[in-house]
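Structure below is final_36.pdb: PDB, C-alpha atoms.
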ATOM      1  CA  MET A   1       0.714  -7.433  18.878
ATOM      2  CA  ARG A   2      -3.022  -7.544  19.482
ATOM      3  CA  THR A   3      -3.059  -3.786  20.042
ATOM      4  CA  LYS A   4      -1.224  -3.224  16.762
ATOM      5  CA  ARG A   5      -3.756  -5.432  14.984
ATOM      6  CA  ALA A   6      -6.638  -3.601  16.669
ATOM      7  CA  ASN A   7      -5.139  -0.279  15.590
ATOM      8  CA  GLU A   8      -4.796  -1.537  12.037
ATOM      9  CA  MET A   9      -8.393  -2.696  11.943
ATOM     10  CA  ASP A  10      -9.569   0.604  13.382
ATOM     11  CA  LEU A  11      -7.549   2.482  10.779
ATOM     12  CA  VAL A  12      -8.991   0.356   7.969
ATOM     13  CA  ARG A  13     -12.507   0.929   9.304
ATOM     14  CA  ARG A  14     -11.969   4.706   9.397
ATOM     15  CA  CYS A  15     -10.496   4.644   5.885
ATOM     16  CA  ARG A  16     -13.577   2.771   4.689
ATOM     17  CA  GLY A  17     -15.663   5.448   6.364
ATOM     18  CA  GLY A  18     -13.965   8.008   4.122
ATOM     19  CA  SER A  19     -11.923   9.792   6.775
ATOM     20  CA  SER A  20      -9.214  11.740   4.977
ATOM     21  CA  GLU A  21      -7.196  11.939   8.204
ATOM     22  CA  ALA A  22      -7.248   8.124   8.437
ATOM     23  CA  TRP A  23      -6.108   7.933   4.828
ATOM     24  CA  ARG A  24      -3.219  10.252   5.571
ATOM     25  CA  VAL A  25      -2.169   7.952   8.416
ATOM     26  CA  PHE A  26      -2.550   4.936   6.123
ATOM     27  CA  VAL A  27      -0.370   6.574   3.464
ATOM     28  CA  ARG A  28       2.246   7.568   6.055
ATOM     29  CA  ARG A  29       2.321   4.046   7.481
ATOM     30  CA  TYR A  30       2.441   2.041   4.268
ATOM     31  CA  SER A  31       4.204   4.329   1.759
ATOM     32  CA  PRO A  32       7.688   3.135   2.868
ATOM     33  CA  LEU A  33       6.669  -0.483   2.190
ATOM     34  CA  VAL A  34       5.143   0.430  -1.172
ATOM     35  CA  TYR A  35       8.205   2.439  -2.151
ATOM     36  CA  ARG A  36      10.677  -0.282  -1.122
ATOM     37  CA  VAL A  37       8.797  -2.955  -3.067
ATOM     38  CA  SER A  38       8.642  -0.620  -6.088
ATOM     39  CA  TYR A  39      12.303   0.247  -5.870
ATOM     40  CA  ARG A  40      13.376  -3.381  -5.559
ATOM     41  CA  MET A  41      11.410  -4.237  -8.673
ATOM     42  CA  LEU A  42      12.086  -1.199 -10.810
ATOM     43  CA  ARG A  43      15.590  -0.172  -9.640
ATOM     44  CA  SER A  44      14.954   3.491 -10.332
ATOM     45  CA  ARG A  45      14.010   6.100  -7.761
ATOM     46  CA  GLU A  46      11.823   8.078 -10.171
ATOM     47  CA  GLU A  47      10.073   4.964 -11.422
ATOM     48  CA  ALA A  48       9.609   3.743  -7.864
ATOM     49  CA  GLU A  49       7.967   7.015  -6.838
ATOM     50  CA  ASP A  50       5.622   6.979  -9.838
ATOM     51  CA  ALA A  51       4.762   3.356  -9.171
ATOM     52  CA  SER A  52       4.151   4.126  -5.488
ATOM     53  CA  GLN A  53       1.681   6.855  -6.399
ATOM     54  CA  GLU A  54      -0.053   4.594  -8.900
ATOM     55  CA  ALA A  55      -0.193   1.763  -6.368
ATOM     56  CA  PHE A  56      -1.799   4.040  -3.781
ATOM     57  CA  LEU A  57      -4.368   5.239  -6.294
ATOM     58  CA  ARG A  58      -5.326   1.606  -6.858
ATOM     59  CA  ILE A  59      -5.341   0.881  -3.148
ATOM     60  CA  TYR A  60      -7.583   3.905  -2.602
ATOM     61  CA  ARG A  61     -10.003   2.941  -5.361
ATOM     62  CA  SER A  62     -10.203  -0.768  -4.586
ATOM     63  CA  PHE A  63     -10.097  -0.520  -0.811
ATOM     64  CA  ASP A  64     -13.518  -2.146  -0.512
ATOM     65  CA  SER A  65     -12.082  -5.370  -1.923
ATOM     66  CA  PHE A  66      -9.570  -5.602   0.932
ATOM     67  CA  ASP A  67     -10.402  -8.222   3.557
ATOM     68  CA  ALA A  68     -10.229  -6.173   6.762
ATOM     69  CA  THR A  69      -9.734  -9.284   8.890
ATOM     70  CA  ARG A  70      -6.264  -9.704   7.348
ATOM     71  CA  PRO A  71      -3.208  -7.503   7.965
ATOM     72  CA  PRO A  72      -2.805  -4.886   5.216
ATOM     73  CA  GLU A  73       0.870  -5.558   4.359
ATOM     74  CA  PRO A  74       0.384  -8.556   2.032
ATOM     75  CA  TRP A  75      -2.513  -6.898   0.205
ATOM     76  CA  VAL A  76      -0.693  -3.557  -0.120
ATOM     77  CA  SER A  77       2.403  -5.427  -1.347
ATOM     78  CA  ARG A  78       0.348  -7.369  -3.836
ATOM     79  CA  VAL A  79      -1.201  -4.259  -5.375
ATOM     80  CA  THR A  80       2.270  -2.677  -5.612
ATOM     81  CA  TYR A  81       3.798  -5.847  -7.027
ATOM     82  CA  ASN A  82       1.150  -5.986  -9.761
ATOM     83  CA  VAL A  83       1.609  -2.293 -10.611
ATOM     84  CA  CYS A  84       5.364  -2.862 -10.969
ATOM     85  CA  LEU A  85       4.946  -6.047 -13.018
ATOM     86  CA  LYS A  86       2.709  -4.114 -15.394
ATOM     87  CA  ARG A  87       5.296  -1.338 -15.670
ATOM     88  CA  ILE A  88       8.105  -3.786 -16.365
ATOM     89  CA  GLY A  89       5.973  -5.480 -19.016
ATOM     90  CA  LYS A  90       5.193  -2.108 -20.592
ATOM     91  CA  ALA A  91       8.854  -1.078 -20.561
ATOM     92  CA  LYS A  92       9.816  -4.317 -22.290
ATOM     93  CA  ARG A  93       7.135  -3.880 -24.953
ATOM     94  CA  ASP A  94       8.201  -0.276 -25.533
ATOM     95  CA  PRO A  95      12.034  -0.230 -25.621
ATOM     96  CA  ALA A  96      12.054   3.459 -26.579
ATOM     97  CA  SER A  97      10.472   4.345 -23.273
ATOM     98  CA  PRO A  98      12.747   6.493 -21.081
ATOM     99  CA  THR A  99      11.506   4.538 -18.090
ATOM    100  CA  ASP A 100      12.927   1.302 -19.387
ATOM    101  CA  VAL A 101      13.873  -0.888 -16.462
ATOM    102  CA  ASP A 102      14.838  -4.075 -18.227
ATOM    103  CA  ASP A 103      16.315  -6.035 -15.372
ATOM    104  CA  GLU A 104      17.862  -8.609 -17.729
ATOM    105  CA  ARG A 105      19.881  -5.854 -19.357
ATOM    106  CA  LEU A 106      20.900  -4.552 -15.952
ATOM    107  CA  ALA A 107      21.907  -8.050 -14.928
ATOM    108  CA  ASP A 108      24.166  -8.391 -17.968
ATOM    109  CA  THR A 109      26.089  -5.214 -17.325
ATOM    110  CA  GLY A 110      26.253  -5.358 -13.535
ATOM    111  CA  PHE A 111      24.964  -1.766 -13.536
ATOM    112  CA  ILE A 112      25.247   0.310 -10.358
ATOM    113  CA  SER A 113      23.498   3.676 -10.381
ATOM    114  CA  PRO A 114      25.733   6.743  -9.764
ATOM    115  CA  GLU A 115      23.583   7.528  -6.768
ATOM    116  CA  LEU A 116      24.458   4.219  -5.173
ATOM    117  CA  ALA A 117      28.129   4.465  -6.070
ATOM    118  CA  ALA A 118      28.314   7.810  -4.271
ATOM    119  CA  ARG A 119      27.042   6.345  -1.058
ATOM    120  CA  GLY A 120      30.421   5.021  -0.145
ATOM    121  CA  ARG A 121      29.098   2.129   1.850
ATOM    122  CA  GLU A 122      30.903  -0.859   0.527
ATOM    123  CA  ALA A 123      28.539  -3.485   1.858
ATOM    124  CA  GLY A 124      25.492  -1.600   0.685
ATOM    125  CA  GLU A 125      27.008  -1.063  -2.726
ATOM    126  CA  ALA A 126      27.998  -4.685  -2.985
ATOM    127  CA  LEU A 127      24.474  -5.749  -2.084
ATOM    128  CA  GLU A 128      22.942  -3.386  -4.606
ATOM    129  CA  ALA A 129      25.332  -4.569  -7.284
ATOM    130  CA  ALA A 130      24.561  -8.174  -6.429
ATOM    131  CA  MET A 131      20.825  -7.421  -6.490
ATOM    132  CA  ASP A 132      21.219  -6.426 -10.130
ATOM    133  CA  HIS A 133      22.126 -10.016 -10.910
ATOM    134  CA  ILE A 134      18.783 -11.421  -9.868
ATOM    135  CA  SER A 135      15.361 -10.905 -11.407
ATOM    136  CA  ALA A 136      12.944  -8.192 -10.306
ATOM    137  CA  GLN A 137      10.571 -10.765  -8.865
ATOM    138  CA  ASP A 138      13.290 -12.489  -6.853
ATOM    139  CA  ARG A 139      14.461  -9.132  -5.502
ATOM    140  CA  THR A 140      10.925  -8.487  -4.357
ATOM    141  CA  LEU A 141      10.666 -11.892  -2.698
ATOM    142  CA  LEU A 142      13.904 -11.279  -0.781
ATOM    143  CA  ASN A 143      12.808  -7.805   0.176
ATOM    144  CA  LEU A 144       9.377  -8.846   1.401
ATOM    145  CA  ARG A 145      10.852 -11.767   3.298
ATOM    146  CA  TYR A 146      13.856 -10.118   4.940
ATOM    147  CA  LYS A 147      13.378  -6.359   4.901
ATOM    148  CA  GLU A 148       9.636  -6.236   5.491
ATOM    149  CA  GLY A 149       9.717  -9.353   7.652
ATOM    150  CA  LEU A 150       6.701 -11.011   5.995
ATOM    151  CA  SER A 151       6.204 -14.722   6.557
ATOM    152  CA  VAL A 152       6.462 -17.105   3.607
ATOM    153  CA  ALA A 153       2.652 -17.373   3.630
ATOM    154  CA  ASP A 154       2.304 -13.579   3.485
ATOM    155  CA  VAL A 155       4.898 -13.303   0.709
ATOM    156  CA  SER A 156       2.932 -15.960  -1.148
ATOM    157  CA  GLU A 157      -0.256 -13.947  -0.696
ATOM    158  CA  ALA A 158       1.468 -10.735  -1.762
ATOM    159  CA  THR A 159       2.908 -12.143  -4.968
ATOM    160  CA  GLY A 160       0.416 -14.835  -5.896
ATOM    161  CA  ILE A 161       3.275 -17.362  -5.975
ATOM    162  CA  SER A 162       2.789 -20.582  -4.019
ATOM    163  CA  ALA A 163       4.540 -20.835  -0.643
ATOM    164  CA  ALA A 164       6.670 -23.759  -1.845
ATOM    165  CA  THR A 165       7.799 -21.784  -4.894
ATOM    166  CA  VAL A 166       8.527 -18.735  -2.726
ATOM    167  CA  LYS A 167      10.861 -20.868  -0.582
ATOM    168  CA  VAL A 168      12.651 -22.317  -3.602
ATOM    169  CA  ARG A 169      13.018 -18.948  -5.317
ATOM    170  CA  VAL A 170      14.286 -17.252  -2.177
ATOM    171  CA  PHE A 171      16.770 -20.078  -1.723
ATOM    172  CA  ARG A 172      18.006 -19.769  -5.315
ATOM    173  CA  ALA A 173      18.104 -15.974  -5.196
ATOM    174  CA  LYS A 174      20.205 -16.121  -2.051
ATOM    175  CA  ALA A 175      22.539 -18.643  -3.670
ATOM    176  CA  LYS A 176      22.946 -16.299  -6.630
ATOM    177  CA  LEU A 177      23.522 -13.312  -4.379
ATOM    178  CA  ARG A 178      26.068 -15.330  -2.431
ATOM    179  CA  GLN A 179      28.160 -15.724  -5.578
ATOM    180  CA  HIS A 180      28.310 -11.953  -6.008
ATOM    181  CA  LEU A 181      28.698 -11.138  -2.342
ATOM    182  CA  GLY A 182      31.657 -13.434  -1.825
ATOM    183  CA  ASP A 183      34.004 -10.732  -0.503
ATOM    184  CA  VAL A 184      31.381  -9.157   1.705
ATOM    185  CA  LEU A 185      30.325 -12.437   3.255
ATOM    186  CA  GLU A 186      33.928 -13.544   3.659
ATOM    187  CA  GLY A 187      35.209 -13.690   7.201
ATOM    188  CA  GLY A 188      31.829 -13.880   8.847
ATOM    189  CA  ARG A 189      31.115 -10.160   8.971
ATOM    190  CA  VAL A 190      30.130  -7.340   6.693
ATOM    191  CA  LYS A 191      33.099  -5.295   5.598
ATOM    192  CA  ALA A 192      33.046  -1.787   6.969
TER
ATOM    193  CA  MET B   1      23.332 -27.176   2.470
ATOM    194  CA  THR B   2      19.768 -28.448   2.775
ATOM    195  CA  THR B   3      16.637 -26.367   2.598
ATOM    196  CA  ASP B   4      15.562 -28.058   5.825
ATOM    197  CA  LEU B   5      18.552 -26.636   7.647
ATOM    198  CA  ILE B   6      17.930 -23.207   6.146
ATOM    199  CA  ASP B   7      14.288 -23.424   7.215
ATOM    200  CA  ARG B   8      15.372 -24.248  10.760
ATOM    201  CA  CYS B   9      17.756 -21.274  10.793
ATOM    202  CA  GLU B  10      15.035 -18.944   9.522
ATOM    203  CA  ALA B  11      12.524 -20.317  12.001
ATOM    204  CA  TYR B  12      15.040 -19.900  14.839
ATOM    205  CA  LEU B  13      15.762 -16.298  13.842
ATOM    206  CA  GLU B  14      12.060 -15.549  13.713
ATOM    207  CA  GLY B  15      11.430 -17.182  17.052
ATOM    208  CA  ALA B  16       9.115 -19.682  15.409
ATOM    209  CA  LEU B  17      10.707 -22.762  16.990
ATOM    210  CA  SER B  18       9.326 -24.318  20.146
ATOM    211  CA  PRO B  19      11.628 -24.047  23.203
ATOM    212  CA  ASP B  20      12.699 -27.684  22.720
ATOM    213  CA  GLU B  21      13.418 -27.196  19.034
ATOM    214  CA  ALA B  22      15.283 -23.970  19.781
ATOM    215  CA  ASN B  23      17.446 -25.754  22.389
ATOM    216  CA  ARG B  24      18.190 -28.530  19.933
ATOM    217  CA  PHE B  25      19.091 -26.002  17.259
ATOM    218  CA  GLU B  26      21.410 -24.152  19.624
ATOM    219  CA  ARG B  27      23.155 -27.436  20.384
ATOM    220  CA  ASP B  28      23.478 -28.107  16.650
ATOM    221  CA  LEU B  29      25.150 -24.726  16.199
ATOM    222  CA  ALA B  30      28.314 -26.379  17.469
ATOM    223  CA  LEU B  31      28.445 -28.233  14.137
ATOM    224  CA  PRO B  32      30.470 -26.234  11.585
ATOM    225  CA  GLU B  33      27.945 -26.908   8.803
ATOM    226  CA  VAL B  34      25.037 -25.562  10.883
ATOM    227  CA  ALA B  35      27.080 -22.634  12.156
ATOM    228  CA  GLU B  36      27.993 -21.677   8.586
ATOM    229  CA  VAL B  37      24.376 -21.717   7.388
ATOM    230  CA  PHE B  38      23.272 -19.769  10.458
ATOM    231  CA  ARG B  39      26.004 -17.146  10.060
ATOM    232  CA  GLU B  40      25.017 -16.615   6.458
ATOM    233  CA  ALA B  41      21.305 -16.389   7.243
ATOM    234  CA  LEU B  42      22.054 -13.791   9.880
ATOM    235  CA  LEU B  43      24.323 -11.835   7.586
ATOM    236  CA  PHE B  44      21.771 -11.787   4.809
ATOM    237  CA  ARG B  45      19.207 -10.290   7.097
ATOM    238  CA  GLU B  46      21.645  -7.699   8.380
ATOM    239  CA  LEU B  47      22.701  -6.747   4.883
ATOM    240  CA  ILE B  48      19.213  -6.403   3.476
ATOM    241  CA  ARG B  49      17.879  -4.614   6.530
ATOM    242  CA  ALA B  50      20.831  -2.221   6.586
ATOM    243  CA  SER B  51      20.402  -1.315   2.943
ATOM    244  CA  THR B  52      19.359   2.306   2.556
ATOM    245  CA  ALA B  53      19.120   2.394  -1.224
ATOM    246  CA  ASP B  54      15.422   1.628  -1.107
ATOM    247  CA  GLU B  55      14.494   4.118   1.588
ATOM    248  CA  PRO B  56      11.656   6.388   0.471
ATOM    249  CA  PRO B  57      12.536   9.945  -0.526
ATOM    250  CA  GLU B  58      11.628  12.871   1.706
ATOM    251  CA  GLY B  59       7.996  13.955   1.435
ATOM    252  CA  LEU B  60       6.801  10.915  -0.502
ATOM    253  CA  ASP B  61       3.776  10.420   1.754
ATOM    254  CA  GLU B  62       2.787  14.069   1.262
ATOM    255  CA  ARG B  63       3.013  13.757  -2.510
ATOM    256  CA  ILE B  64       0.944  10.577  -2.458
ATOM    257  CA  ALA B  65      -1.621  12.241  -0.186
ATOM    258  CA  ALA B  66      -1.812  15.158  -2.620
ATOM    259  CA  ARG B  67      -2.265  12.758  -5.541
ATOM    260  CA  LEU B  68      -5.114  11.074  -3.704
ATOM    261  CA  GLY B  69      -6.660  14.475  -3.029
ATOM    262  CA  LEU B  70      -6.013  14.294   0.713
ATOM    263  CA  ASP B  71      -4.389  17.730   0.920
ATOM    264  CA  PRO B  72      -5.899  19.673   3.808
ATOM    265  CA  GLU B  73      -6.841  22.469   1.377
ATOM    266  CA  VAL B  74      -8.357  20.025  -1.107
ATOM    267  CA  VAL B  75     -10.271  18.297   1.676
ATOM    268  CA  LYS B  76     -11.563  21.672   2.930
ATOM    269  CA  GLU B  77     -12.647  22.527  -0.610
ATOM    270  CA  LYS B  78     -14.349  19.144  -0.964
ATOM    271  CA  LEU B  79     -16.176  19.696   2.320
ATOM    272  CA  ARG B  80     -17.204  23.199   1.225
ATOM    273  CA  THR B  81     -18.507  21.850  -2.079
ATOM    274  CA  ALA B  82     -20.361  19.018  -0.350
ATOM    275  CA  ARG B  83     -21.913  21.496   2.104
ATOM    276  CA  PHE B  84     -22.954  23.776  -0.767
ATOM    277  CA  ILE B  85     -24.553  20.868  -2.646
ATOM    278  CA  ARG B  86     -26.428  19.767   0.480
ATOM    279  CA  THR B  87     -27.647  23.310   1.204
ATOM    280  CA  ARG B  88     -28.739  23.850  -2.387
ATOM    281  CA  ALA B  89     -30.660  20.568  -2.372
ATOM    282  CA  ALA B  90     -32.323  21.488   0.937
ATOM    283  CA  LEU B  91     -33.334  24.913  -0.395
ATOM    284  CA  ARG B  92     -34.689  23.371  -3.575
ATOM    285  CA  ASP B  93     -36.803  20.923  -1.552
ATOM    286  CA  MET B  94     -38.008  23.753   0.643
ATOM    287  CA  ALA B  95     -38.913  25.818  -2.411
ATOM    288  CA  TRP B  96     -41.058  22.973  -3.703
ATOM    289  CA  THR B  97     -42.701  22.641  -0.313
ATOM    290  CA  VAL B  98     -43.792  26.277  -0.534
ATOM    291  CA  ARG B  99     -44.346  26.449  -4.261
ATOM    292  CA  GLY B 100     -46.349  23.199  -4.484
ATOM    293  CA  PRO B 101     -49.428  24.344  -2.495
ATOM    294  CA  ALA B 102     -49.109  27.787  -4.063
ATOM    295  CA  MET B 103     -49.473  26.265  -7.517
ATOM    296  CA  VAL B 104     -52.427  24.181  -6.363
ATOM    297  CA  MET B 105     -54.068  27.335  -5.085
ATOM    298  CA  ALA B 106     -53.493  29.248  -8.308
ATOM    299  CA  PRO B 107     -56.858  28.317  -9.964
ATOM    300  CA  MET B 108     -58.659  29.447  -6.804
ATOM    301  CA  GLN B 109     -56.891  32.772  -6.993
ATOM    302  CA  ALA B 110     -58.370  33.229 -10.436
ATOM    303  CA  ALA B 111     -61.754  32.601  -8.879
ATOM    304  CA  GLY B 112     -61.141  35.495  -6.562
ATOM    305  CA  LEU B 113     -60.286  33.640  -3.383
ATOM    306  CA  GLY B 114     -56.567  34.354  -3.296
ATOM    307  CA  LEU B 115     -54.382  33.244  -0.453
ATOM    308  CA  ARG B 116     -56.035  34.971   2.428
ATOM    309  CA  THR B 117     -54.875  33.812   5.774
ATOM    310  CA  ASP B 118     -57.588  35.409   7.903
ATOM    311  CA  VAL B 119     -60.361  33.108   6.572
ATOM    312  CA  PRO B 120     -59.968  29.318   6.755
ATOM    313  CA  LEU B 121     -59.755  27.589   3.413
ATOM    314  CA  TRP B 122     -62.887  25.429   3.981
ATOM    315  CA  ARG B 123     -64.949  28.568   4.687
ATOM    316  CA  ARG B 124     -63.727  30.272   1.535
ATOM    317  CA  ALA B 125     -64.549  27.159  -0.499
ATOM    318  CA  LEU B 126     -68.013  27.087   1.055
ATOM    319  CA  ARG B 127     -68.583  30.756   0.133
ATOM    320  CA  LEU B 128     -67.553  30.022  -3.434
ATOM    321  CA  VAL B 129     -70.068  27.156  -3.672
ATOM    322  CA  ARG B 130     -72.870  29.327  -2.211
ATOM    323  CA  ARG B 131     -72.061  32.201  -4.601
ATOM    324  CA  LYS B 132     -72.331  29.831  -7.574
ATOM    325  CA  LYS B 133     -75.782  28.681  -6.382
TER
END
As structure tokens, how would this structure be written, given the file I've shared?
Amino acid sequence: MRTKRANEMDLVRRCRGGSSEAWRVFVRRYSPLVYRVSYRMLRSREEAEDASQEAFLRIYRSFDSFDATRPPEPWVSRVTYNVCLKRIGKAKRDPASPTDVDDERLADTGFISPELAARGREAGEALEAAMDHISAQDRTLLNLRYKEGLSVADVSEATGISAATVKVRVFRAKAKLRQHLGDVLEGGRVKA
Amino acid sequence: MTTDLIDRCEAYLEGALSPDEANRFERDLALPEVAEVFREALLFRELIRASTADEPPEGLDERIAARLGLDPEVVKEKLRTARFIRTRAALRDMAWTVRGPAMVMAPMQAAGLGLRTDVPLWRRALRLVRRKK
């Protein structure tokens, strides 16, 4: 763990020094996290890729403001989260936009993208469908907490939501997902 | 289902409980209510972790690197440009180093002294003063 932390700090130091090779490593290491957070919020692969690129541009430009004594995940997540929030806000203000990702509308229709439907994995599909029933922010909280393995404190730092609120929202989001995952959760195991 | 119980399940799964607390929790797992909450917590993690819908597309990191201008070719070009700018600046400074004294000497050239290297400057200046006398 200490070695990982030391490596991270070394990488951050080299990035600050302007090493393009270090930046490439940084991008390789954190782009999956950035993409997953973007996808969970925006629910569109194209949008998620655009948002990921935008998030990295911001990370690159504001890297000096990052506290190098902290692990990068919460800060990287926070930048991405803010980029996505801005995009969602823009899409709501501009309904004609082709990149509209109104999660309330998606929640009403129980929309599943064709791409997901073709995957043929029932549990995965059920989860994705259920995810459409919760808000973009709650999806992100669940993702940061369970997929990325961030602690409640780190999720709080990443989203700017208090730790107590993170716990409550995760609890409620899970309860809501549970309603829509009834069949999958039935019997104590994920259906094959 | 209490949030306290859920917190204990999460803490157990993350290995955040002390050995005593973990033992107590494992004993409590015999209770159907605790077992149910634990099973669900475990399943949630499995489901979300197993989800592949949010996996990044192939080559995303390369595209981001290109957008940031980290392409090897772009970096080489940047280095070339930086080297050119540094060299040009160095040459300009050097030109001033040579040209500066030359310009100072220009009035003396008009007086017929020129930039002779075989006679020291102080001697030439002395000759000029004597000639004027």
query: To one decimal place, how far is atom CA of B:Leu47 from atom CA of A:Ser135 in Å?
result: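 Result for atom CA of B:Leu47 versus atom CA of A:Ser135: 18.3 Å, one decimal.
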query: How many Å lie between atom CA of A:Pro71 and atom CA of A:Asp50, rounded to one decimal?
result: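 Atom-to-atom, atom CA of A:Pro71 and atom CA of A:Asp50 are spaced 24.6 Å apart.
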task: Residues of chain A near chain B: apply a cut-off of 6 Å, count all atoms listed in the file, and supply the list as a PyMOL selection string.
output: chain A and resi 20+27-28+32+35-36+39+53+124+146-147
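Put simply, atom CA of A:Ala123 is 29.7 Å away from atom CA of A:Ala163.
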Residue among A:Ser44, A:Asn143, A:Thr80, A:Ser52 lying closest to A:Lys174, counting only C-alpha atoms: A:Asn143
task: Kindly indicate which residue among A:Ala91, A:Arg45, A:Trp75, A:Val83 lies nearest to A:Leu57, using only C-alpha atoms for the distances.
output: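 Under the stated criterion, the closest residue is A:Val83.
For the set B:Leu17, B:Cys9, B:Ala22, B:Leu121, the residue with the smallest atom-to-atom gap to B:Val34 is B:Cys9, counting only C-alpha atoms.
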- prompt: Restricting the calculation to all atoms listed in the file, which member of A:Glu128, A:Asp10, A:Glu157, A:Asp67 is positioned closest to A:His180?
  reply: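 Distance minimum relative to A:His180 lands on A:Glu128.
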Kindly compute an axis-aligned box around the listed atoms of stretch 128-146 of chain A, allowing 3 Å on each side, and express its centre and edge lengths in Å to one decimal as JSON.
{"center_x": 17.4, "center_y": -7.9, "center_z": -3.2, "size_x": 22.0, "size_y": 15.1, "size_z": 22.3}
